[in-house]
Amino acid sequence: MVEETLKLAYGESSEFIKDKRIAAVQSLSGTGACRLFANFQKRFRPDSQIYIPVPTWANHHNIWRDAQVPQKTYHYYHPESRGLDFAALMDDIKNAPNGSFFLFHACAHNPTGVDPSEEHWRRISHQFKVKGHFAFFDMAYQGFASGDPERDAKSIRIFLEDGHHIGIAQSYAKNMGLYGQRVGCLSVLCEDEKQAVAAKSQLQQLARPMYSNPPVHGALIVSVILADPDLKKLWLEEVKVMADRIIGMRAALQENLEKLGSPLSWEHITKQIGMFCYSGMTPEQVDHLTSEFHIYMTRNGRISMAGVTTGNVGYLANAIHEVTKSS
Amino acid sequence: MLVNELSVDKEYLPITGMAEFNKLSAKLVFGPESPAIKESRVTTVQCLSGTGSLRIGADFLGKHYHQHTVYLSQPTYGNHPNFFSAAGFALKTYRYYDAKTCGLDFQGLLDDLGSATTGAIVLLQASGHNPTGVDPTSQQWEQIRQLMRLKRLLPFFDCAYQGLVSGSPNADVEPVRMFVSDGGECLVAQSYSKTMGLYAERIGALHIVCKKAEVARCVESQLRLVIRPMYSSPPIHGASIVTTILRDRDMYNEWIIELKAMCDRIARVRQQLFDALHVRGTPGNWSHITRQVGMYTFSGLNEEQVAFMTKEYHIYMSSDGRINMAGLGSKTVPYLADAMHAAVTRTF
C-alpha cells in the first residue's frame, strides 16, 4: 500500500521511489502522519519550531503541541479579498530563521479553500532554497480538489523539482471515503537510500509506543484498489465525479446569491477550492443561520461544500442572503 | 457479514470509539453486574489494542496524575517502559521473577511495593504474565491489593490474555475485579489481539475506574484531548467485529469454547514438553513449564543456550529464554526437547 501511495504523491515514475530515497510508513490517516512527523521532528531537531498557517485545521496546533514542538504562525488568509495574503506570507518566510520548518496544505486548504497558485508555489519554493527551510505538506484532499490527482499534487512536485527534501502526510479518509478506517501514509524524502532506511527505522521506533503497528483493514482496501488497474481507474473517475460535483455546487451557490441580488461579492465561492468555502460570514451571521434556518457550519463561516446539494442550494443561498443582505 | 451489512457506513467513529463496543468491553472485563459500571464510574475509550490503551493511559496520567513514577515488574513486556518514558515518567521496577524457583518472588514484590513512593503508579498484568508466565495466586493478589491501597499506589492493569490463560474469561480478570470491588481507582488496558486473533486490526480499550461518576465524565473529556492530536479517532473495523461477536449470544458462546480449546491446547503442549524432557533425562527441574500459565514459558535457558538452539536447531525465541508456547505443536515438541537437551548438556 505504501509504495502505491507514494506514487500518488511523488509521481508514478518518480526517481525518488526508484532510488529508494523515501522513508515511508503507513499511518493513522492524516492526523497520525502529522503526529508521527511532529514526534520525529522533536526527537531529531529538538530546537526547531513549526510554522503553521493562519488559519489552519484546529487539530494541527494540538498535534505539534502534544509533540512538544513550539509553534509559530505565518500569514495565509487575506480576509478582505477572501484570498491569499501572498505578500505577508513571503515576508514571514523571509523573516523566519534559516532552516525553519513550515506546514503547508498541499491543496484545498482547510478551512479557507484558498490555495496558492502554481506561480505562488514556485516563488515560495525558491525562497525556501534561499532560506534552507523545510516544507511539510499535509495532503488530505488529493484528487478531491480539482478532480485531477496530478494537478492537486503540483505544489509537492514543484518542491521536488527544486530539490527540496520534503515530508508529506497523506490521507485516504476523504478521497477514498475511508474515514473510519484511519489509513494514510507519512513519508520523508531523504538524501539517499541509506538515510531513508535509517529514517524509516526511527519512524517505526516512534510508532511502536503509540500503537505498535497500524490497522490492516483500511490498508488492504487501498492496496486492492490501487493494485488493480480497473479499480484504480474507477476510483479516479469517482473522485473526479465528486470533485466536479462540488465545483458545480460552488457555481450554483454563487449564481443563486447573485440572482437574489446580494449586494456583496461572492466570487470567492468559485475561486476557492476543495471541500470548504470560507464564506466571510461573521459568527453572529452563522448563529442566525443556525437558529432561524437550521443551517449548520462552523462559526468561522466555513461551509462544507460537500453538504451542499442541488436539493438544498436554493434554500442555502436564500438563507445566506437573508442574514447578510443588510451588511 | 459485515461487508453485506449495507447500513454500516465508513464515517469516522467518535473520538472515544464505538459506543457499543466500549460498553461490551467494559462488561467483559468488569462483569455485567459490576457496581462500578452500574454507578457510571467507568470511563471506557476504544484504543489501538493494548499498546494504544497503555499509551493513551500513560499520556493521560502524565498530564493529570500527581505522581510521575511508575513501577514495572522485573522483567516485563519489552514495550512497557516505552509508554511511560514517552509520557515523561520516572521508571522503577519491583521484583517479580525468581530465577531460582522459576516462580514468583513474592516477598521481593511485597518489599518493593511496600517501599514504593506513595501514590506511584504500578503496572500489573491481570494474568498470563508476559514474559514469565508466572502469575500470583488469588491469595497473593489479595495481599497485593491491600498493600497497594494502603500505600495509595495506583493500579494500571495490562489485560491482554483474558480467557486464554485458564480458559475462563472471568477467572482471568479476577485480580482486576478484586481491585474494583474495593471501590478504589484503577486503569485497565484491554486487548483483543490474542483473545480474538484480531492482531492486525488493532482493537482494544482503555478503562479508567473512578471513585465518582462526575469524575468519570471529566476523565472522558480529558481523554479526548489526548486522543485527538494522536490520531483523531480509532479504526472502525476491529470494533465492528468484536461488537458483532460480543452482542450475539451464540457467537459469544462459540468464542468462549474456542478460547478454552486454545487454552487447553497450550496446557497439553506444556505437559508434552515437560514429559519429553523427563524422558530424555534432561538435567534440571522443569516443573515450571507446567506451573507457568498463558502463552509464554520462561524456560530458564540462558543467552548462550538460546543462541546455540537458534544456530544449531533453527529454533527462535527471545534471548531471555522466553518460549512462545503458541508456536509449539505436538509434532514439534520432540524436536524442541532434543534442542533443549543438547543446549543444557553441552559444555560451552
# chains A, B, ... in the order shown; residues from 1 in each chain; ligands from 1

call {"tool": "interface_residues", "arguments": {"of": "chain B", "to": "chain A", "cutoff": "7 Å", "atoms": "only C-alpha atoms", "output": "PDB file with all heavy atoms, in the first residue's frame"}}
result
ATOM      1  N   LYS B  10     -18.866   4.253   6.445  1.00  0.00           N
ATOM      2  CA  LYS B  10     -17.440   4.322   6.731  1.00  0.00           C
ATOM      3  C   LYS B  10     -17.082   5.647   7.387  1.00  0.00           C
ATOM      4  O   LYS B  10     -15.947   6.081   7.338  1.00  0.00           O
ATOM      5  CB  LYS B  10     -16.633   4.118   5.440  1.00  0.00           C
ATOM      6  CG  LYS B  10     -16.875   2.772   4.782  1.00  0.00           C
ATOM      7  CD  LYS B  10     -15.589   1.965   4.693  1.00  0.00           C
ATOM      8  CE  LYS B  10     -15.778   0.642   4.002  1.00  0.00           C
ATOM      9  NZ  LYS B  10     -16.347  -0.391   4.875  1.00  0.00           N
ATOM     10  N   GLU B  11     -18.088   6.256   8.027  1.00  0.00           N
ATOM     11  CA  GLU B  11     -17.864   7.512   8.733  1.00  0.00           C
ATOM     12  C   GLU B  11     -16.846   7.355   9.844  1.00  0.00           C
ATOM     13  O   GLU B  11     -16.607   6.249  10.332  1.00  0.00           O
ATOM     14  CB  GLU B  11     -19.190   7.968   9.363  1.00  0.00           C
ATOM     15  CG  GLU B  11     -20.139   8.661   8.419  1.00  0.00           C
ATOM     16  CD  GLU B  11     -19.617  10.039   8.032  1.00  0.00           C
ATOM     17  OE1 GLU B  11     -18.706  10.547   8.696  1.00  0.00           O
ATOM     18  OE2 GLU B  11     -20.128  10.588   7.056  1.00  0.00           O
ATOM     19  N   TYR B  12     -16.298   8.503  10.274  1.00  0.00           N
ATOM     20  CA  TYR B  12     -15.445   8.496  11.449  1.00  0.00           C
ATOM     21  C   TYR B  12     -16.200   7.943  12.646  1.00  0.00           C
ATOM     22  O   TYR B  12     -17.395   8.193  12.810  1.00  0.00           O
ATOM     23  CB  TYR B  12     -15.025   9.912  11.835  1.00  0.00           C
ATOM     24  CG  TYR B  12     -14.066  10.598  10.897  1.00  0.00           C
ATOM     25  CD1 TYR B  12     -14.416  11.809  10.310  1.00  0.00           C
ATOM     26  CD2 TYR B  12     -12.806  10.074  10.634  1.00  0.00           C
ATOM     27  CE1 TYR B  12     -13.544  12.470   9.465  1.00  0.00           C
ATOM     28  CE2 TYR B  12     -11.924  10.733   9.784  1.00  0.00           C
ATOM     29  CZ  TYR B  12     -12.298  11.929   9.205  1.00  0.00           C
ATOM     30  OH  TYR B  12     -11.433  12.591   8.375  1.00  0.00           O
ATOM     31  N   LEU B  13     -15.501   7.211  13.494  1.00  0.00           N
ATOM     32  CA  LEU B  13     -16.057   6.911  14.807  1.00  0.00           C
ATOM     33  C   LEU B  13     -15.887   8.166  15.653  1.00  0.00           C
ATOM     34  O   LEU B  13     -15.067   9.020  15.354  1.00  0.00           O
ATOM     35  CB  LEU B  13     -15.268   5.767  15.457  1.00  0.00           C
ATOM     36  CG  LEU B  13     -15.554   4.350  14.979  1.00  0.00           C
ATOM     37  CD1 LEU B  13     -14.655   3.368  15.713  1.00  0.00           C
ATOM     38  CD2 LEU B  13     -17.021   3.987  15.197  1.00  0.00           C
ATOM     39  N   LEU B  48      -6.118   1.588  20.190  1.00  0.00           N
ATOM     40  CA  LEU B  48      -5.453   0.680  19.260  1.00  0.00           C
ATOM     41  C   LEU B  48      -4.793  -0.454  20.022  1.00  0.00           C
ATOM     42  O   LEU B  48      -3.601  -0.448  20.297  1.00  0.00           O
ATOM     43  CB  LEU B  48      -4.467   1.449  18.385  1.00  0.00           C
ATOM     44  CG  LEU B  48      -5.214   2.123  17.243  1.00  0.00           C
ATOM     45  CD1 LEU B  48      -5.529   3.572  17.559  1.00  0.00           C
ATOM     46  CD2 LEU B  48      -4.453   2.037  15.945  1.00  0.00           C
ATOM     47  N   THR B  51      -1.440  -1.854  23.263  1.00  0.00           N
ATOM     48  CA  THR B  51      -0.410  -0.815  23.110  1.00  0.00           C
ATOM     49  C   THR B  51      -1.018   0.573  23.154  1.00  0.00           C
ATOM     50  O   THR B  51      -0.579   1.445  23.914  1.00  0.00           O
ATOM     51  CB  THR B  51       0.339  -0.992  21.779  1.00  0.00           C
ATOM     52  OG1 THR B  51       0.919  -2.287  21.728  1.00  0.00           O
ATOM     53  CG2 THR B  51       1.414   0.055  21.606  1.00  0.00           C
ATOM     54  N   GLY B  52      -2.018   0.772  22.318  1.00  0.00           N
ATOM     55  CA  GLY B  52      -2.664   2.081  22.251  1.00  0.00           C
ATOM     56  C   GLY B  52      -3.312   2.461  23.575  1.00  0.00           C
ATOM     57  O   GLY B  52      -3.263   3.615  23.994  1.00  0.00           O
ATOM     58  N   ARG B  55      -0.630   3.522  25.965  1.00  0.00           N
ATOM     59  CA  ARG B  55      -0.066   4.836  25.623  1.00  0.00           C
ATOM     60  C   ARG B  55      -1.020   5.960  25.985  1.00  0.00           C
ATOM     61  O   ARG B  55      -0.605   6.972  26.565  1.00  0.00           O
ATOM     62  CB  ARG B  55       0.267   4.885  24.131  1.00  0.00           C
ATOM     63  CG  ARG B  55       0.772   6.245  23.656  1.00  0.00           C
ATOM     64  CD  ARG B  55       1.963   6.752  24.471  1.00  0.00           C
ATOM     65  NE  ARG B  55       2.393   8.053  24.012  1.00  0.00           N
ATOM     66  CZ  ARG B  55       3.333   8.236  23.082  1.00  0.00           C
ATOM     67  NH1 ARG B  55       3.930   7.195  22.532  1.00  0.00           N
ATOM     68  NH2 ARG B  55       3.682   9.449  22.694  1.00  0.00           N
ATOM     69  N   ASN B  79       7.881  -3.496  25.638  1.00  0.00           N
ATOM     70  CA  ASN B  79       7.388  -2.178  25.235  1.00  0.00           C
ATOM     71  C   ASN B  79       6.859  -1.348  26.410  1.00  0.00           C
ATOM     72  O   ASN B  79       6.647  -0.149  26.279  1.00  0.00           O
ATOM     73  CB  ASN B  79       6.276  -2.363  24.185  1.00  0.00           C
ATOM     74  CG  ASN B  79       6.233  -1.247  23.145  1.00  0.00           C
ATOM     75  OD1 ASN B  79       7.090  -0.381  23.106  1.00  0.00           O
ATOM     76  ND2 ASN B  79       5.197  -1.266  22.329  1.00  0.00           N
ATOM     77  N   ASN B  82       8.495   1.945  27.364  1.00  0.00           N
ATOM     78  CA  ASN B  82       8.416   2.989  26.342  1.00  0.00           C
ATOM     79  C   ASN B  82       7.180   3.865  26.483  1.00  0.00           C
ATOM     80  O   ASN B  82       7.228   5.063  26.225  1.00  0.00           O
ATOM     81  CB  ASN B  82       8.426   2.357  24.945  1.00  0.00           C
ATOM     82  CG  ASN B  82       9.678   1.540  24.699  1.00  0.00           C
ATOM     83  OD1 ASN B  82      10.740   1.860  25.226  1.00  0.00           O
ATOM     84  ND2 ASN B  82       9.568   0.479  23.926  1.00  0.00           N
ATOM     85  N   PHE B  83       6.046   3.267  26.883  1.00  0.00           N
ATOM     86  CA  PHE B  83       4.828   4.072  27.008  1.00  0.00           C
ATOM     87  C   PHE B  83       5.015   5.158  28.049  1.00  0.00           C
ATOM     88  O   PHE B  83       4.593   6.296  27.875  1.00  0.00           O
ATOM     89  CB  PHE B  83       3.639   3.206  27.463  1.00  0.00           C
ATOM     90  CG  PHE B  83       3.391   2.032  26.587  1.00  0.00           C
ATOM     91  CD1 PHE B  83       3.367   0.755  27.116  1.00  0.00           C
ATOM     92  CD2 PHE B  83       3.180   2.195  25.229  1.00  0.00           C
ATOM     93  CE1 PHE B  83       3.143  -0.342  26.300  1.00  0.00           C
ATOM     94  CE2 PHE B  83       2.959   1.100  24.410  1.00  0.00           C
ATOM     95  CZ  PHE B  83       2.946  -0.164  24.953  1.00  0.00           C
ATOM     96  N   ALA B 200      -3.956  -7.660  13.816  1.00  0.00           N
ATOM     97  CA  ALA B 200      -3.671  -6.577  12.867  1.00  0.00           C
ATOM     98  C   ALA B 200      -4.763  -5.516  12.820  1.00  0.00           C
ATOM     99  O   ALA B 200      -4.568  -4.463  12.223  1.00  0.00           O
ATOM    100  CB  ALA B 200      -3.453  -7.146  11.475  1.00  0.00           C
ATOM    101  N   GLU B 201      -5.905  -5.786  13.439  1.00  0.00           N
ATOM    102  CA  GLU B 201      -6.968  -4.779  13.417  1.00  0.00           C
ATOM    103  C   GLU B 201      -6.730  -3.692  14.455  1.00  0.00           C
ATOM    104  O   GLU B 201      -7.340  -2.628  14.391  1.00  0.00           O
ATOM    105  CB  GLU B 201      -8.339  -5.437  13.676  1.00  0.00           C
ATOM    106  CG  GLU B 201      -8.710  -6.554  12.712  1.00  0.00           C
ATOM    107  CD  GLU B 201      -9.009  -6.076  11.300  1.00  0.00           C
ATOM    108  OE1 GLU B 201      -9.142  -4.851  11.093  1.00  0.00           O
ATOM    109  OE2 GLU B 201      -9.102  -6.912  10.392  1.00  0.00           O
ATOM    110  N   ARG B 202      -5.860  -3.998  15.432  1.00  0.00           N
ATOM    111  CA  ARG B 202      -5.522  -3.029  16.483  1.00  0.00           C
ATOM    112  C   ARG B 202      -6.770  -2.614  17.259  1.00  0.00           C
ATOM    113  O   ARG B 202      -7.223  -1.455  17.187  1.00  0.00           O
ATOM    114  CB  ARG B 202      -4.812  -1.792  15.911  1.00  0.00           C
ATOM    115  CG  ARG B 202      -3.774  -2.051  14.834  1.00  0.00           C
ATOM    116  CD  ARG B 202      -2.721  -3.079  15.206  1.00  0.00           C
ATOM    117  NE  ARG B 202      -1.878  -2.677  16.297  1.00  0.00           N
ATOM    118  CZ  ARG B 202      -1.686  -3.392  17.412  1.00  0.00           C
ATOM    119  NH1 ARG B 202      -2.247  -4.590  17.566  1.00  0.00           N
ATOM    120  NH2 ARG B 202      -0.911  -2.920  18.373  1.00  0.00           N
ATOM    121  N   PRO B 229      -5.148  14.650  19.164  1.00  0.00           N
ATOM    122  CA  PRO B 229      -3.888  15.027  18.490  1.00  0.00           C
ATOM    123  C   PRO B 229      -2.970  13.843  18.198  1.00  0.00           C
ATOM    124  O   PRO B 229      -1.859  14.049  17.707  1.00  0.00           O
ATOM    125  CB  PRO B 229      -3.213  15.969  19.500  1.00  0.00           C
ATOM    126  CG  PRO B 229      -4.214  16.262  20.553  1.00  0.00           C
ATOM    127  CD  PRO B 229      -5.168  15.118  20.564  1.00  0.00           C
ATOM    128  N   MET B 230      -3.437  12.635  18.494  1.00  0.00           N
ATOM    129  CA  MET B 230      -2.605  11.487  18.157  1.00  0.00           C
ATOM    130  C   MET B 230      -3.089  10.827  16.879  1.00  0.00           C
ATOM    131  O   MET B 230      -2.283  10.486  16.001  1.00  0.00           O
ATOM    132  CB  MET B 230      -2.580  10.474  19.307  1.00  0.00           C
ATOM    133  CG  MET B 230      -1.208   9.853  19.467  1.00  0.00           C
ATOM    134  SD  MET B 230      -1.144   8.546  20.657  1.00  0.00           S
ATOM    135  CE  MET B 230      -0.799   9.451  22.128  1.00  0.00           C
ATOM    136  N   TYR B 231      -4.394  10.626  16.769  1.00  0.00           N
ATOM    137  CA  TYR B 231      -4.905  10.009  15.552  1.00  0.00           C
ATOM    138  C   TYR B 231      -6.379  10.332  15.287  1.00  0.00           C
ATOM    139  O   TYR B 231      -7.018   9.710  14.460  1.00  0.00           O
ATOM    140  CB  TYR B 231      -4.712   8.474  15.576  1.00  0.00           C
ATOM    141  CG  TYR B 231      -5.194   7.804  16.839  1.00  0.00           C
ATOM    142  CD1 TYR B 231      -6.527   7.464  17.017  1.00  0.00           C
ATOM    143  CD2 TYR B 231      -4.304   7.514  17.877  1.00  0.00           C
ATOM    144  CE1 TYR B 231      -6.972   6.857  18.169  1.00  0.00           C
ATOM    145  CE2 TYR B 231      -4.742   6.910  19.041  1.00  0.00           C
ATOM    146  CZ  TYR B 231      -6.070   6.581  19.188  1.00  0.00           C
ATOM    147  OH  TYR B 231      -6.493   5.981  20.351  1.00  0.00           O
ATOM    148  N   SER B 232      -6.903  11.330  15.963  1.00  0.00           N
ATOM    149  CA  SER B 232      -8.287  11.807  15.800  1.00  0.00           C
ATOM    150  C   SER B 232      -9.343  10.847  16.328  1.00  0.00           C
ATOM    151  O   SER B 232     -10.114  11.200  17.209  1.00  0.00           O
ATOM    152  CB  SER B 232      -8.626  12.156  14.343  1.00  0.00           C
ATOM    153  OG  SER B 232      -8.041  13.377  13.973  1.00  0.00           O
ATOM    154  N   PRO B 235      -9.740   3.171  14.601  1.00  0.00           N
ATOM    155  CA  PRO B 235     -10.197   2.473  13.395  1.00  0.00           C
ATOM    156  C   PRO B 235     -11.431   1.629  13.681  1.00  0.00           C
ATOM    157  O   PRO B 235     -11.530   0.973  14.706  1.00  0.00           O
ATOM    158  CB  PRO B 235      -9.013   1.583  13.008  1.00  0.00           C
ATOM    159  CG  PRO B 235      -8.175   1.473  14.220  1.00  0.00           C
ATOM    160  CD  PRO B 235      -8.445   2.655  15.082  1.00  0.00           C
ATOM    161  N   ILE B 236     -12.344   1.603  12.727  1.00  0.00           N
ATOM    162  CA  ILE B 236     -13.678   1.046  12.951  1.00  0.00           C
ATOM    163  C   ILE B 236     -13.754  -0.465  12.836  1.00  0.00           C
ATOM    164  O   ILE B 236     -14.532  -1.114  13.551  1.00  0.00           O
ATOM    165  CB  ILE B 236     -14.681   1.719  11.977  1.00  0.00           C
ATOM    166  CG1 ILE B 236     -16.107   1.335  12.304  1.00  0.00           C
ATOM    167  CG2 ILE B 236     -14.349   1.370  10.539  1.00  0.00           C
ATOM    168  CD1 ILE B 236     -17.121   2.145  11.501  1.00  0.00           C
ATOM    169  N   HIS B 237     -12.948  -1.048  11.970  1.00  0.00           N
ATOM    170  CA  HIS B 237     -13.220  -2.430  11.579  1.00  0.00           C
ATOM    171  C   HIS B 237     -13.131  -3.443  12.719  1.00  0.00           C
ATOM    172  O   HIS B 237     -14.025  -4.259  12.914  1.00  0.00           O
ATOM    173  CB  HIS B 237     -12.302  -2.845  10.427  1.00  0.00           C
ATOM    174  CG  HIS B 237     -12.781  -4.070   9.722  1.00  0.00           C
ATOM    175  ND1 HIS B 237     -13.941  -4.092   8.974  1.00  0.00           N
ATOM    176  CD2 HIS B 237     -12.291  -5.324   9.686  1.00  0.00           C
ATOM    177  CE1 HIS B 237     -14.113  -5.312   8.492  1.00  0.00           C
ATOM    178  NE2 HIS B 237     -13.127  -6.084   8.901  1.00  0.00           N
TER     179      HIS B 237
END

call {"tool": "select_by_dssp", "arguments": {"residues": "region 5-201 of chain A", "states": "strand (DSSP E)", "output": "count of residues only"}}
result
42

call {"tool": "residues_around", "arguments": {"residues": "Pro111 (chain A)", "least_positions_apart": "4", "cutoff": "9 Å", "atoms": "only C-alpha atoms", "output": "ChimeraX atom specification"}}
result
/A:55-57,275-278,300,302-303

call {"tool": "closest_residue", "arguments": {"among": "A:Ala23, A:Met1, A:Gly11, A:Lys325", "to": "Gln204 (chain A)", "atoms": "only C-alpha atoms"}}
result
A:Ala23

call {"tool": "atom_distance", "arguments": {"atom1": "CA of Gly327 (chain B)", "atom2": "CA of Ser191 (chain B)"}}
result
19.7 Å

call {"tool": "closest_residue", "arguments": {"among": "B:Thr345, B:Thr93, B:Thr243, B:Ser318", "to": "Leu277 (chain B)", "atoms": "only C-alpha atoms"}}
result
B:Thr345

call {"tool": "residues_around", "arguments": {"residues": "region 163-165 of chain B", "least_positions_apart": "4", "cutoff": "6 Å", "atoms": "only C-alpha atoms", "output": "PDB file with all heavy atoms, in the first residue's frame"}}
result
ATOM      1  N   GLY B 128      -1.448 -14.381  32.862  1.00  0.00           N
ATOM      2  CA  GLY B 128      -0.618 -14.769  31.726  1.00  0.00           C
ATOM      3  C   GLY B 128       0.557 -13.837  31.548  1.00  0.00           C
ATOM      4  O   GLY B 128       0.831 -13.353  30.464  1.00  0.00           O
ATOM      5  N   PRO B 169     -12.849 -16.542  30.937  1.00  0.00           N
ATOM      6  CA  PRO B 169     -12.645 -15.093  30.900  1.00  0.00           C
ATOM      7  C   PRO B 169     -12.825 -14.446  32.269  1.00  0.00           C
ATOM      8  O   PRO B 169     -12.098 -13.521  32.622  1.00  0.00           O
ATOM      9  CB  PRO B 169     -13.716 -14.602  29.917  1.00  0.00           C
ATOM     10  CG  PRO B 169     -14.038 -15.779  29.079  1.00  0.00           C
ATOM     11  CD  PRO B 169     -13.868 -16.972  29.960  1.00  0.00           C
ATOM     12  N   ASP B 172      -9.745 -15.111  34.580  1.00  0.00           N
ATOM     13  CA  ASP B 172      -8.510 -14.444  34.167  1.00  0.00           C
ATOM     14  C   ASP B 172      -8.473 -12.958  34.516  1.00  0.00           C
ATOM     15  O   ASP B 172      -7.422 -12.328  34.415  1.00  0.00           O
ATOM     16  CB  ASP B 172      -8.283 -14.640  32.658  1.00  0.00           C
ATOM     17  CG  ASP B 172      -7.871 -16.064  32.312  1.00  0.00           C
ATOM     18  OD1 ASP B 172      -7.533 -16.819  33.249  1.00  0.00           O
ATOM     19  OD2 ASP B 172      -7.895 -16.422  31.122  1.00  0.00           O
ATOM     20  N   LEU B 259     -11.830 -20.265  22.857  1.00  0.00           N
ATOM     21  CA  LEU B 259     -10.800 -19.811  23.802  1.00  0.00           C
ATOM     22  C   LEU B 259     -10.323 -20.987  24.645  1.00  0.00           C
ATOM     23  O   LEU B 259      -9.124 -21.181  24.839  1.00  0.00           O
ATOM     24  CB  LEU B 259     -11.374 -18.758  24.753  1.00  0.00           C
ATOM     25  CG  LEU B 259     -11.300 -17.287  24.373  1.00  0.00           C
ATOM     26  CD1 LEU B 259     -11.963 -16.457  25.463  1.00  0.00           C
ATOM     27  CD2 LEU B 259      -9.866 -16.845  24.178  1.00  0.00           C
ATOM     28  N   CYS B 263      -6.647 -22.617  24.917  1.00  0.00           N
ATOM     29  CA  CYS B 263      -6.038 -22.668  26.234  1.00  0.00           C
ATOM     30  C   CYS B 263      -5.647 -24.109  26.572  1.00  0.00           C
ATOM     31  O   CYS B 263      -4.544 -24.381  27.050  1.00  0.00           O
ATOM     32  CB  CYS B 263      -7.047 -22.127  27.224  1.00  0.00           C
ATOM     33  SG  CYS B 263      -6.456 -22.080  28.862  1.00  0.00           S
ATOM     34  N   GLY B 294      -0.409 -19.306  30.543  1.00  0.00           N
ATOM     35  CA  GLY B 294      -0.561 -18.336  29.463  1.00  0.00           C
ATOM     36  C   GLY B 294       0.271 -18.734  28.266  1.00  0.00           C
ATOM     37  O   GLY B 294       0.647 -19.893  28.090  1.00  0.00           O
TER      38      GLY B 294
END
